[in-house]
Amino acid sequence: MNTQNLKNTAPDADYSTQRLSQRYRFADPNMDLFFLGALGWGPAGGLSAGEAFYIASQIEDGNAESWTCAFEHQGEVLSAQANIWLKRGCTLAAGEARLKAFACYRSAWQFVVPGKRFTALFRTSQKHFDQALEELGIPATRFTIPYAGGELPGHFFQASDPTVPTILVIGGADTCHEDRFLSQGRYYLNRGYSVALVDLPGQGLVQEQGLYWEPETELPIAAVIDELITRFRVEPQRLALLGMSLGGYFASRAAAYEPRIAAVIATPVLTNPIELFKGVEKQEAESDKTKASEAGKNNLQVLMWKAGATDFSEMAQRWDGVVVNPLNIHVPFLSVLGNQEGSIWKKQTEEWHTNIASAKKSLVILDAESGADAHCQGNNPLRLVQEVDAWLREVL
């Protein structure tokens, strides 16, 4: 497989923590990444290319407020259209428009700082998501799991055949469990799997409860698995875990410490988070603050909120020495790596695959030709689904 990197980045720059090396629409790297993500949700029921590029035409590059307003306005338009379809008795069309509205409201909060507006947009996106599932006739159970004095929210999608494997999908630093339905969940459901989506501490709105990213991620994952077994009768020997982005750390950590998982997938793998955090800190320290975009500043503020930290120094204290030992991994493990990922992501993924003790391990490297070489395959989510599905059919 061709693993050549794209060549349109400056050779003297530090791209160790990058998630894209190719520009798609915006010069601002954060906006470009999440615009690409919005495009990637299209085939699963998110925005069409026409809708997404129309929204983009209303956005000033790097301006967080223009991003939020453009996506929120289109969410209002699509929600109103869904109501029109519903009044005309076109329930399916209503659900389709409503799911697009969810995608808009979800994108709208991406660069909003923590506070009332963030929460309002988030809650609106949740309302549209649940209503869309009902109108589309997609059976789903919303659940909450008690954990550390708070609750972890999620959705469970039961396959028609209760004996099939269940895939638990965990997102990363910037996601909520509902958007994982568009990036991965719906594809697996259509392939006959049962699907569980959940927010761990520091994801979605869970940090409002004082629950932030935590090194011992196997603990909340264990609580999730308890719920899947007792409430939804999921069999551990048929349970797979998929972790994406920072979720790659959550997944590798669970693989090392939680025995009730039959197979684990990470895209990409992250076993030493402090290396990534320090890389981001270095880039922030070396960057020209006068040129920093509003979107980038807001996004960093949100991430600190999710981490429960005021600055990188506090994060370093919390995560110092937190490393997953590859020799503890005996469960079947699939590592997925896009070639646009920065050197930290690449190094940790490749070293992990080489060193894990599992007798059933695979490494998939996706290049530009695959169209799935961006962070977490955001430019081609279906290819990730295909790789995961094919591998699970071999190991489960």
# chains A, B, ... in the order shown; residues from 1 in each chain; ligands from 1
>>> select_by_dssp(residues="stretch 89-308 of chain A", states="strand (DSSP E or B)", output="number ranges by chain")
A: 141-147, 150-157, 166-170, 194-198, 239-244, 263-267
>>> write_last_selection(atoms="C-alpha atoms", output="short mmCIF file (atom, residue, chain, number, x, y, z; two decimals), in the first residue's frame")
data_model
loop_
_atom_site.label_atom_id
_atom_site.label_comp_id
_atom_site.auth_asym_id
_atom_site.auth_seq_id
_atom_site.Cartn_x
_atom_site.Cartn_y
_atom_site.Cartn_z
CA THR A 141 -33.15 3.64 23.34
CA ARG A 142 -31.70 6.71 25.04
CA PHE A 143 -30.09 5.74 28.34
CA THR A 144 -28.04 7.25 31.16
CA ILE A 145 -25.48 5.45 33.30
CA PRO A 146 -24.72 6.57 36.87
CA TYR A 147 -21.02 7.31 37.23
CA GLY A 150 -23.07 12.09 37.52
CA GLU A 151 -24.56 10.39 34.48
CA LEU A 152 -23.14 9.24 31.16
CA PRO A 153 -25.71 9.58 28.32
CA GLY A 154 -25.98 7.33 25.32
CA HIS A 155 -28.13 5.61 22.72
CA PHE A 156 -28.52 1.89 22.03
CA PHE A 157 -29.61 0.62 18.64
CA THR A 166 -22.48 -5.08 19.27
CA ILE A 167 -20.13 -2.21 18.41
CA LEU A 168 -19.57 0.38 21.12
CA VAL A 169 -18.39 3.60 19.45
CA ILE A 170 -16.45 6.14 21.51
CA SER A 194 -26.23 -3.62 17.26
CA VAL A 195 -24.69 -0.25 18.06
CA ALA A 196 -24.04 1.56 21.33
CA LEU A 197 -23.03 5.23 21.42
CA VAL A 198 -22.06 6.96 24.67
CA LEU A 239 -18.74 -6.89 22.01
CA ALA A 240 -16.35 -4.72 19.98
CA LEU A 241 -15.07 -1.28 20.97
CA LEU A 242 -14.17 1.43 18.45
CA GLY A 243 -12.29 4.50 19.72
CA MET A 244 -11.71 7.57 17.55
CA ALA A 263 -12.20 -6.92 19.90
CA VAL A 264 -10.88 -3.35 19.87
CA ILE A 265 -10.34 -0.83 17.06
CA ALA A 266 -8.58 2.53 17.36
CA THR A 267 -8.23 5.25 14.74
#
>>> residues_around(residues="A:Leu36", least_positions_apart="4", cutoff="9 Å", atoms="only C-alpha atoms", output="number ranges by chain")
A: 24-25, 31-32, 40-41, 378-379
>>> select_by_dssp(residues="stretch 154-254 of chain A", states="alpha helix (DSSP H)", output="MDAnalysis selection string")
chainID A and resid 179:180 186:190 218:232 247:254
>>> residues_around(residues="A:Arg106", least_positions_apart="2", cutoff="9 Å", atoms="only C-alpha atoms", output="ChimeraX atom specification")
/A:71-72,101-104,108-110,121-122,124-126,176,178-179
>>> write_last_selection(atoms="C-alpha atoms", output="mmCIF file, in the first residue's frame")
data_model
loop_
_atom_site.group_PDB
_atom_site.id
_atom_site.type_symbol
_atom_site.label_atom_id
_atom_site.label_comp_id
_atom_site.auth_asym_id
_atom_site.auth_seq_id
_atom_site.Cartn_x
_atom_site.Cartn_y
_atom_site.Cartn_z
ATOM 1 C CA PHE A 71 -24.845 26.599 10.675
ATOM 2 C CA GLU A 72 -27.519 27.658 13.153
ATOM 3 C CA ALA A 101 -30.913 20.007 11.054
ATOM 4 C CA PHE A 102 -29.249 18.015 13.819
ATOM 5 C CA ALA A 103 -26.010 18.030 11.827
ATOM 6 C CA CYS A 104 -26.260 21.813 11.510
ATOM 7 C CA ALA A 108 -22.913 25.258 15.146
ATOM 8 C CA TRP A 109 -21.616 24.697 18.696
ATOM 9 C CA GLN A 110 -18.136 23.614 17.607
ATOM 10 C CA LEU A 121 -27.203 24.830 20.790
ATOM 11 C CA PHE A 122 -26.184 21.435 22.124
ATOM 12 C CA THR A 124 -31.278 21.841 20.392
ATOM 13 C CA SER A 125 -29.128 19.415 18.428
ATOM 14 C CA GLN A 126 -30.120 16.593 20.799
ATOM 15 C CA CYS A 176 -20.632 13.964 21.159
ATOM 16 C CA GLU A 178 -24.920 11.603 18.655
ATOM 17 C CA ASP A 179 -22.573 12.746 15.897
#
>>> residues_around(residues="stretch 130-132 of chain A", least_positions_apart="5", cutoff="7 Å", atoms="only C-alpha atoms", output="PyMOL selection string")
chain A and resi 95-96+98-99
>>> write_last_selection(atoms="all heavy atoms", output="CSV table (one decimal), in the first residue's frame")
chain,number,residue,atom,x,y,z
A,95,GLY,N,-38.1,13.3,8.7
A,95,GLY,CA,-37.0,12.8,9.4
A,95,GLY,C,-35.7,13.0,8.7
A,95,GLY,O,-34.7,13.3,9.4
A,96,GLU,N,-35.6,13.0,7.4
A,96,GLU,CA,-34.4,13.3,6.7
A,96,GLU,C,-34.0,14.7,6.9
A,96,GLU,O,-32.8,15.0,7.1
A,96,GLU,CB,-34.6,12.9,5.2
A,96,GLU,CG,-34.8,11.5,4.9
A,96,GLU,CD,-35.3,11.2,3.5
A,96,GLU,OE1,-35.9,12.1,2.9
A,96,GLU,OE2,-35.1,10.0,3.0
A,98,ARG,N,-34.9,16.6,9.3
A,98,ARG,CA,-34.6,16.8,10.8
A,98,ARG,C,-33.2,16.3,11.1
A,98,ARG,O,-32.5,17.0,12.0
A,98,ARG,CB,-35.6,16.1,11.6
A,98,ARG,CG,-35.7,16.5,13.1
A,98,ARG,CD,-36.7,17.6,13.3
A,98,ARG,NE,-38.0,17.2,12.9
A,98,ARG,CZ,-39.0,18.0,12.8
A,98,ARG,NH1,-38.8,19.3,13.0
A,98,ARG,NH2,-40.2,17.6,12.4
A,99,LEU,N,-32.7,15.2,10.5
A,99,LEU,CA,-31.4,14.7,10.8
A,99,LEU,C,-30.4,15.7,10.3
A,99,LEU,O,-29.3,15.9,10.9
A,99,LEU,CB,-31.2,13.3,10.2
A,99,LEU,CG,-30.0,12.6,10.7
A,99,LEU,CD1,-30.0,12.4,12.2
A,99,LEU,CD2,-29.9,11.2,9.9
>>> closest_residue(among="A:Val395, A:Ile221, A:Ala44, A:Leu136", to="A:Gln184", atoms="only C-alpha atoms")
A:Ala44
>>> closest_residue(among="A:His128, A:Phe181, A:Asn355, A:Phe118", to="A:Glu76", atoms="only C-alpha atoms")
A:His128
>>> residues_around(residues="A:Asp226", least_positions_apart="2", cutoff="12 Å", atoms="only C-alpha atoms", output="ChimeraX atom specification")
/A:145-147,218-224,228-236,258,260-261
>>> atom_distance(atom1="atom CA of A:Glu134", atom2="atom CA of A:Asp174")
26.0 Å
>>> closest_residue(among="A:Gln158, A:Ala307, A:Asp28, A:Val323", to="A:Lys291", atoms="only C-alpha atoms")
A:Asp28
>>> residues_around(residues="stretch 366-372 of chain A", least_positions_apart="5", cutoff="6 Å", atoms="only C-alpha atoms", output="short mmCIF file (atom, residue, chain, number, x, y, z; two decimals) with all heavy atoms, in the first residue's frame")
data_model
loop_
_atom_site.label_atom_id
_atom_site.label_comp_id
_atom_site.auth_asym_id
_atom_site.auth_seq_id
_atom_site.Cartn_x
_atom_site.Cartn_y
_atom_site.Cartn_z
N THR A 3 2.09 4.57 1.13
CA THR A 3 1.96 5.33 2.37
C THR A 3 2.62 6.69 2.27
O THR A 3 3.00 7.29 3.27
CB THR A 3 2.57 4.56 3.55
OG1 THR A 3 3.96 4.31 3.26
CG2 THR A 3 1.85 3.24 3.77
N GLY A 338 -4.52 7.19 9.17
CA GLY A 338 -4.58 7.97 7.94
C GLY A 338 -3.26 8.68 7.72
O GLY A 338 -2.64 9.17 8.67
N ASN A 339 -2.84 8.78 6.48
CA ASN A 339 -1.53 9.34 6.19
C ASN A 339 -1.43 10.84 6.39
O ASN A 339 -0.33 11.39 6.36
CB ASN A 339 -1.12 9.00 4.75
CG ASN A 339 -0.01 7.97 4.73
OD1 ASN A 339 0.51 7.59 5.77
ND2 ASN A 339 0.35 7.51 3.56
N GLN A 377 -10.43 9.26 9.41
CA GLN A 377 -11.09 9.02 8.13
C GLN A 377 -12.28 9.95 7.93
O GLN A 377 -13.30 9.57 7.34
CB GLN A 377 -11.53 7.55 8.00
CG GLN A 377 -10.38 6.57 7.86
CD GLN A 377 -9.51 6.50 9.12
OE1 GLN A 377 -10.00 6.13 10.20
NE2 GLN A 377 -8.25 6.89 9.01
N ASN A 379 -12.65 12.28 5.93
CA ASN A 379 -12.95 12.55 4.53
C ASN A 379 -13.59 11.37 3.82
O ASN A 379 -14.06 11.51 2.68
CB ASN A 379 -11.68 13.00 3.78
CG ASN A 379 -10.49 12.07 4.01
OD1 ASN A 379 -10.52 11.19 4.87
ND2 ASN A 379 -9.43 12.28 3.25
N ASN A 380 -13.65 10.22 4.47
CA ASN A 380 -14.29 9.04 3.88
C ASN A 380 -14.64 8.06 4.99
O ASN A 380 -14.04 7.00 5.12
CB ASN A 380 -13.36 8.39 2.85
CG ASN A 380 -14.02 7.23 2.09
OD1 ASN A 380 -15.19 6.93 2.31
ND2 ASN A 380 -13.26 6.60 1.21
#
>>> atom_distance(atom1="atom CA of A:Ser16", atom2="atom CA of A:Ser343")
4.4 Å
>>> residues_around(residues="A:Gly172", least_positions_apart="2", cutoff="10 Å", atoms="only C-alpha atoms", output="PyMOL selection string")
chain A and resi 170+174-177+180+199-200+202-204+213+243-250+376
>>> atom_distance(atom1="atom CA of A:Thr163", atom2="atom CA of A:Leu133")
23.2 Å
>>> closest_residue(among="A:Asp161, A:Lys116, A:Ala82, A:Gln237", to="A:Glu135", atoms="only C-alpha atoms")
A:Ala82
>>> closest_residue(among="A:Ala148, A:Ala357, A:Ala295, A:Asn325", to="A:Val206", atoms="only C-alpha atoms")
A:Ala148
>>> closest_residue(among="A:Val331, A:Ile344, A:Ala262, A:Leu189", to="A:Val385", atoms="only C-alpha atoms")
A:Leu189
